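Q: Here it is: the structure, laid out below.
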Amino acid sequence: MPWLALFSAGRHAINSGVSDFSIILDSLEKWFPPALGGWRAYLQPFTQPTAPALRGISLQAKEGEAVALLGANGAGKTTLLRILATLLLPTRGKASLAGHDVTESPAAARRNLGYHAGSDLGFYPRLTGRQNLHFFGRLHHLREDLITNRIRALAERLCVQQALDRQARTLSSGTVQRLSLLRALLHQPKVLLLDEPTRSLDAIAAAEFRHFLKREVLARQGTSLLFASHTMQEIEYLADRVAVLQEGQLLAYDTPAALRGATSSPSLEEAFAKLTGRQLQAAGDPAPL
């Protein structure tokens with residue numbers, strides 16, 4: 001498509017091992033086997049993958065750059081993040097984080113990334129927030145004093161001081177969400193992967209977290225950010241570029257302003273609708289039958 005903007009240097013960079021990019025995806029694909037059960041599994045064993053979740057995704061992001069994944073439910077955003085977090089293996093293609101191939105060197109990739117999942121946040125319910133965070137900090141081989149100092153600083157930023165000494169099972173979903181964001185930032189990763197980071201936060205907490213990400217994590221620390229979001233305001237504020245996904249394919253990859261200009265759209269929301277072939281319903285219009 002004419003508005004598709006991709007970096008041709010990325011493929012050479014991931015093959016040569018030398019790159020200015022912190023995140024590189026090269027023709028990344030993921031296919032899942034069909035969900036068969038009972039007698040169907042015996043009559044039709046799944047030897048061939050049949051359900052494409054990602055189809056030939058290629059993109060790159062530099063140090064300190066933020067890339068938003070924008071797409072409808074089922075577009076492949078979470079699958080892509082889980083592959084980069086080394087929780088899923090790609091079917092084909094390559095991906096690297098901070099110079100480490102996520103398939104060939106998953107341990108090295110994990111040392112350089114922070115990951116926040118949209119659900120299944122993985123805290124031990126009978127441990128306090130502080131105990132959970134100390135445990136995960138030790139998994140990153142951080143010193144105890146460093147963990148303590150970073151928990152204190154980040155808890156103040158994310159307003160979760162009162163939750164640190166309560167059992168995780170007693171906390172609200174929004175508070176657990178903030179603790180998960182704190183955990184992802186605890187070891188100051190070079191690459192940050194966030195799946196709908198403000199989904200369970202109230203409006204003020206979401207705005208404060210976005211400001212913190214932009215000012216501290218991206219600008220000062222130079223962390224690269226890849227995040228999935230359905231909130232256009234969040235994408236407009238944080239993203240240097242937007243990757244528009246549909247049914248596992250990359251439709252467009254460019255700045256929000258360039259996407260609006262290429263589609264002659266006044267808003268990113270309308271640009272997304274045009275790129276994906278969907279129609280926005282204006283306020284007051286009758287709902288489709």
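The way I read the labels, and the way they are meant: chains A, B, ... in the order of the structure tokens, residue 1 as the first residue of every chain, and ligand 1 as the first ligand shown, with later ones counted on from there.
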Env of stretch 124-127 of chain A: 8 Å cut, atoms = only C-alpha atoms, seq-sep filter 6 positions within chain, self excluded. Answer as a ChimeraX atom specification.
A: /A:166-169
Q: Would you mind exporting C-alpha atoms of the selected residues as an mmCIF file, in the first residue's frame?
A:
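File produced: again-v6.cif:
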data_model
loop_
_atom_site.group_PDB
_atom_site.id
_atom_site.type_symbol
_atom_site.label_atom_id
_atom_site.label_comp_id
_atom_site.auth_asym_id
_atom_site.auth_seq_id
_atom_site.Cartn_x
_atom_site.Cartn_y
_atom_site.Cartn_z
ATOM 1 C CA ARG A 166 -0.421 -5.816 51.588
ATOM 2 C CA GLN A 167 -0.962 -9.277 50.161
ATOM 3 C CA ALA A 168 -1.392 -9.188 46.389
ATOM 4 C CA ARG A 169 -4.720 -11.033 46.651
#
Q: Could you go through stretch 77-267 of chain A and tell me which residues DSSP, when run on the backbone, assigns to strand (DSSP E), listing them as a PyMOL selection string?
A: chain A and resi 92-97+100-101+113-116+191-195+224-228+241-246+249-254
Q: From the set A:Met232, A:Leu193, A:Leu250, A:Ala155, which residue has the shortest atom-to-atom contact distance to A:Thr78, counting only C-alpha atoms?
A: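 Using only C-alpha atoms, the shortest distance to A:Thr78 belongs to A:Leu193.
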Q: So the first atom is atom CA of A:Ala109 and the second is atom CA of A:Leu84; what is the distance between them in Å, to one decimal place?
A: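 Going from atom CA of A:Ala109 over to atom CA of A:Leu84 covers 8.5 Å.
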Q: Would you mind telling me which residue in A:Ala85, A:Leu121, A:Leu133, A:Ala205 lies nearest to A:Gln177 when using only C-alpha atoms?
A: A:Leu121
Q: For the interface of stretch 79-149 of chain A with stretch 221-224 of chain A (cut-off 12 Å, counting only C-alpha atoms), please tabulate each contacting residue of stretch 79-149 of chain A alongside its nearest pair of atoms and their separation in Å to one decimal, rows sorted by chain and increasing number, as a tab-separated table.
A:
residue	atom	partner	partner_atom	distance
A:Leu97	CA	A:Ser224	CA	9.5
A:Ala98	CA	A:Ser224	CA	9.1
A:Asn112	CA	A:Thr223	CA	10.0
A:Leu113	CA	A:Ser224	CA	9.4
A:Gly114	CA	A:Thr223	CA	10.0
Q: Take the residues just selected and output them with N, CA and C atoms as a tab-separated table (two decimals), in the first residue's frame.
A:
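Done, and the output landed in selection-v1.tsv:
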chain	number	residue	atom	x	y	z
A	97	LEU	N	15.99	-8.08	20.25
A	97	LEU	CA	15.83	-6.99	21.21
A	97	LEU	C	17.20	-6.63	21.76
A	98	ALA	N	17.56	-5.35	21.66
A	98	ALA	CA	18.85	-4.87	22.17
A	98	ALA	C	20.00	-5.72	21.64
A	112	ASN	N	17.32	-7.83	28.96
A	112	ASN	CA	17.24	-6.47	28.44
A	112	ASN	C	15.83	-5.97	28.23
A	113	LEU	N	14.83	-6.76	28.62
A	113	LEU	CA	13.46	-6.33	28.37
A	113	LEU	C	12.64	-6.31	29.65
A	114	GLY	N	11.64	-5.44	29.65
A	114	GLY	CA	10.62	-5.42	30.67
A	114	GLY	C	9.29	-5.68	30.00
Q: Go through A:Phe136, A:Thr175, A:Gln188, A:Phe21 and flag the residue nearest A:Arg220, using only C-alpha atoms for the distances.
A: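 The closest residue to A:Arg220 is A:Gln188.
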Q: Atom CA of A:Glu65 and atom CA of A:Ala257 are how many Å apart?
A: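 If I compute the distance from atom CA of A:Glu65 to atom CA of A:Ala257, I get 15.8 Å.
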Q: Pick the closest to A:His230 from A:Glu63, A:Asp195, A:Glu208, A:Asp202: which is it, counting only C-alpha atoms?
A: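 Comparing A:Glu63, A:Asp195, A:Glu208, A:Asp202 against A:His230, the winner is A:Asp195.
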Q: When distances are computed from only C-alpha atoms, which of A:Thr276, A:Ser105, A:Ser172, A:Ser119 shows the smallest separation from A:Leu194?
A: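 Looking only at the distances to A:Leu194, the closest residue turns out to be A:Ser119.
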Q: Could you give me, as a PyMOL selection string, the residues within 6 Å of A:Ala75, counting only C-alpha atoms and dropping anything in the same chain fewer than 3 positions from it?
A: chain A and resi 71-72+245-248
Q: Which polymer residues have any atom within 7 Å of an atom of A:Asp254, counting only C-alpha atoms, with same-chain residues fewer than 4 positions away left out, as a ChimeraX atom specification?
A: /A:5,241-243,258-259
Q: Any chance you can output those residues with C-alpha atoms as a JSON list (two decimals), in the first residue's frame?
A:
[["chain", "number", "residue", "atom", "x", "y", "z"],
["A", 5, "ALA", "CA", 6.73, 2.92, 5.39],
["A", 241, "ARG", "CA", 5.33, 5.62, 14.93],
["A", 242, "VAL", "CA", 2.29, 3.41, 14.65],
["A", 243, "ALA", "CA", 2.15, -0.15, 13.29],
["A", 258, "ALA", "CA", 1.94, 10.74, 8.24],
["A", 259, "LEU", "CA", -0.87, 8.20, 8.59]]
Q: Name the residues of stretch 92-242 of chain A that come out as alpha helix (DSSP H) in a backbone DSSP run; write them as a PyMOL selection string.
A: chain A and resi 106-111+129-139+144-158+173-185+203-212+232-238
Q: What is the distance between atom CA of A:Leu201 and atom CA of A:His116, in Å to one decimal?
A: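 That distance, rounded to one decimal, is 13.8 Å.
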Q: When distances are computed from only C-alpha atoms, which of A:Lys62, A:Ser267, A:Gly174, A:Gln131 shows the smallest separation from A:Ala203?
A: A:Gly174
Q: Write out as a list in words which residues come within 6 Å of A:Leu164 when counting only C-alpha atoms, dropping same-chain ones fewer than 3 positions away.
A: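 After dropping sequence-adjacent residues, the list is Gly129, Arg130 and Gln161 of chain A.
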Q: For the residues selected in the previous step, produce a file with N, CA and C atoms as a PDB file, in the first residue's frame.
A:
ATOM      1  N   GLY A 129       3.032  -6.997  48.036  1.00  0.00           N
ATOM      2  CA  GLY A 129       3.549  -6.365  46.829  1.00  0.00           C
ATOM      3  C   GLY A 129       5.057  -6.221  46.886  1.00  0.00           C
ATOM      4  N   ARG A 130       5.586  -5.806  48.022  1.00  0.00           N
ATOM      5  CA  ARG A 130       7.029  -5.630  48.175  1.00  0.00           C
ATOM      6  C   ARG A 130       7.774  -6.963  48.025  1.00  0.00           C
ATOM      7  N   GLN A 161       2.522   3.208  47.147  1.00  0.00           N
ATOM      8  CA  GLN A 161       3.237   3.001  48.405  1.00  0.00           C
ATOM      9  C   GLN A 161       2.403   2.219  49.407  1.00  0.00           C
TER      10      GLN A 161
END
Q: Near stretch 270-273 of chain A, within 9 Å and counting only C-alpha atoms, which residues show up once chain neighbours fewer than 2 positions away are dropped, as a list in words?
A: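 Once the nearby chain positions are removed, what remains is Leu70, Gly71, Val244, Pro256, Leu259, Arg260, Gly261, Ala262, Thr263, Ser264, Ser265, Pro266, Ser267, Leu268, Leu275, Thr276, Gly277, Arg278, Gln279 and Leu280 of chain A.
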